[in-house]
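Peer 1: This is entry16.tsv, which holds TSV, C-alpha atoms:
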```
chain	number	residue	atom	x	y	z
A	12	MET	CA	-23.72	28.51	-9.39
A	13	ILE	CA	-20.65	26.35	-10.09
A	14	LYS	CA	-20.09	23.29	-7.91
A	15	LEU	CA	-16.75	21.74	-7.14
A	16	GLY	CA	-17.14	18.35	-8.76
A	17	LEU	CA	-13.76	16.67	-8.95
A	18	VAL	CA	-10.57	16.89	-6.96
A	19	GLY	CA	-7.30	15.61	-8.46
A	20	GLU	CA	-4.82	13.26	-6.80
A	21	GLY	CA	-2.41	16.12	-6.06
A	22	VAL	CA	-5.04	18.04	-4.14
A	23	LEU	CA	-5.91	14.96	-2.10
A	24	ARG	CA	-2.25	14.38	-1.23
A	25	VAL	CA	-1.12	17.92	-0.39
A	26	SER	CA	-4.49	19.48	0.56
A	27	THR	CA	-4.12	22.53	-1.65
A	28	THR	CA	-4.94	23.54	-5.20
A	29	ASN	CA	-3.25	25.85	-7.67
A	30	THR	CA	-5.32	25.16	-10.79
A	31	LEU	CA	-9.07	25.28	-11.38
A	32	LEU	CA	-10.50	23.75	-14.54
A	33	PHE	CA	-13.98	24.46	-15.83
A	34	ASP	CA	-15.59	21.82	-18.04
A	35	ALA	CA	-18.96	20.17	-18.74
A	36	GLU	CA	-18.82	18.30	-15.41
A	37	GLY	CA	-18.33	21.49	-13.40
A	38	LEU	CA	-15.30	22.77	-11.55
A	39	ARG	CA	-12.25	20.54	-11.07
A	40	ALA	CA	-9.40	21.32	-8.66
A	41	GLU	CA	-5.84	20.21	-9.43
A	42	ASN	CA	-2.38	20.74	-7.99
A	43	THR	CA	0.03	20.86	-10.93
A	44	ASP	CA	3.09	21.38	-8.69
A	45	TYR	CA	2.56	17.98	-7.07
A	46	THR	CA	1.83	16.11	-10.31
A	47	GLY	CA	4.79	17.78	-12.05
A	48	PHE	CA	7.16	16.89	-9.22
A	49	ILE	CA	5.98	13.26	-9.07
A	50	SER	CA	6.28	12.92	-12.84
A	51	ALA	CA	9.88	14.19	-12.77
A	52	TYR	CA	10.71	11.99	-9.74
A	53	ARG	CA	9.39	8.86	-11.45
A	54	HIS	CA	11.22	9.74	-14.65
A	55	SER	CA	14.50	10.03	-12.73
A	56	PHE	CA	14.11	7.29	-10.12
A	57	GLY	CA	11.35	4.98	-11.37
A	58	ASN	CA	8.82	3.76	-8.84
A	59	HIS	CA	11.21	3.59	-5.90
A	60	PRO	CA	9.47	4.70	-2.72
A	61	GLN	CA	10.10	8.22	-1.51
A	62	ALA	CA	12.38	8.64	1.49
A	63	ARG	CA	10.84	9.33	4.88
A	64	CYS	CA	11.99	12.29	6.93
A	65	TYR	CA	11.69	12.04	10.69
```
In structure tokens, write the structure found in this file.
Peer 2:
Amino acid sequence: MIKLGLVGEGVLRVSTTNTLLFDAEGLRAENTDYTGFISAYRHSFGNHPQARCY
């Protein structure tokens, strides 16, 4: 049986996964959409805080 061992930052922030990685530590869940978006945002805007929508 494979256990879910690690959960990436993207999964913790958006509560969903789109990538499962199998390695020596077990199964790791990631969300590459979130990490890709944040990487592009920081490249374009630096570390300015994201806008809030109300």
Peer 1: Calculate how many Å separate atom CA of Val22 of chain A from atom CA of Arg39 of chain A, rounding to one decimal.
Peer 2: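 One can read the atom CA of Val22 of chain A to atom CA of Arg39 of chain A distance as 10.3 Å.
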Peer 1: Calculate how many Å separate atom CA of Phe48 of chain A from atom CA of Phe33 of chain A, rounding to one decimal.
Peer 2: 23.4 Å
Peer 1: Determine the nearest neighbour of Asp44 of chain A from the options A:Leu31, A:Val18, A:Val25, A:Phe56, counting all atoms listed in the file.
Peer 2: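 Among the listed residues, A:Val25 lies closest to Asp44 of chain A.
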Peer 1: Work out how far atom CA of Thr43 of chain A is from atom CA of Pro60 of chain A, in Å to one decimal.
Peer 2: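 It comes out at 20.4 Å.
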Peer 1: Of the candidates A:Asn29, A:Arg53, A:His59, A:Arg24, which shows the shortest atom-to-atom distance to Glu41 of chain A, using only C-alpha atoms?
Peer 2: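 Checking each candidate against Glu41 of chain A, we get A:Asn29 as the closest.
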Peer 1: I need the residue nearest Thr30 of chain A from this list: A:Ser55, A:Leu17, A:Asn42, A:Gly47. Use all atoms listed in the file for the distance.
Peer 2: A:Asn42
Peer 1: For segment 14-29 of chain A, what centre and edge lengths in Å (one decimal) does the axis-aligned box get once 5 Å is added on each side of all its listed atoms, as lines of an AutoDock Vina configuration file?
Peer 2:
```
center_x = -10.6
center_y = 19.6
center_z = -4.2
size_x = 29.0
size_y = 22.6
size_z = 19.5
```
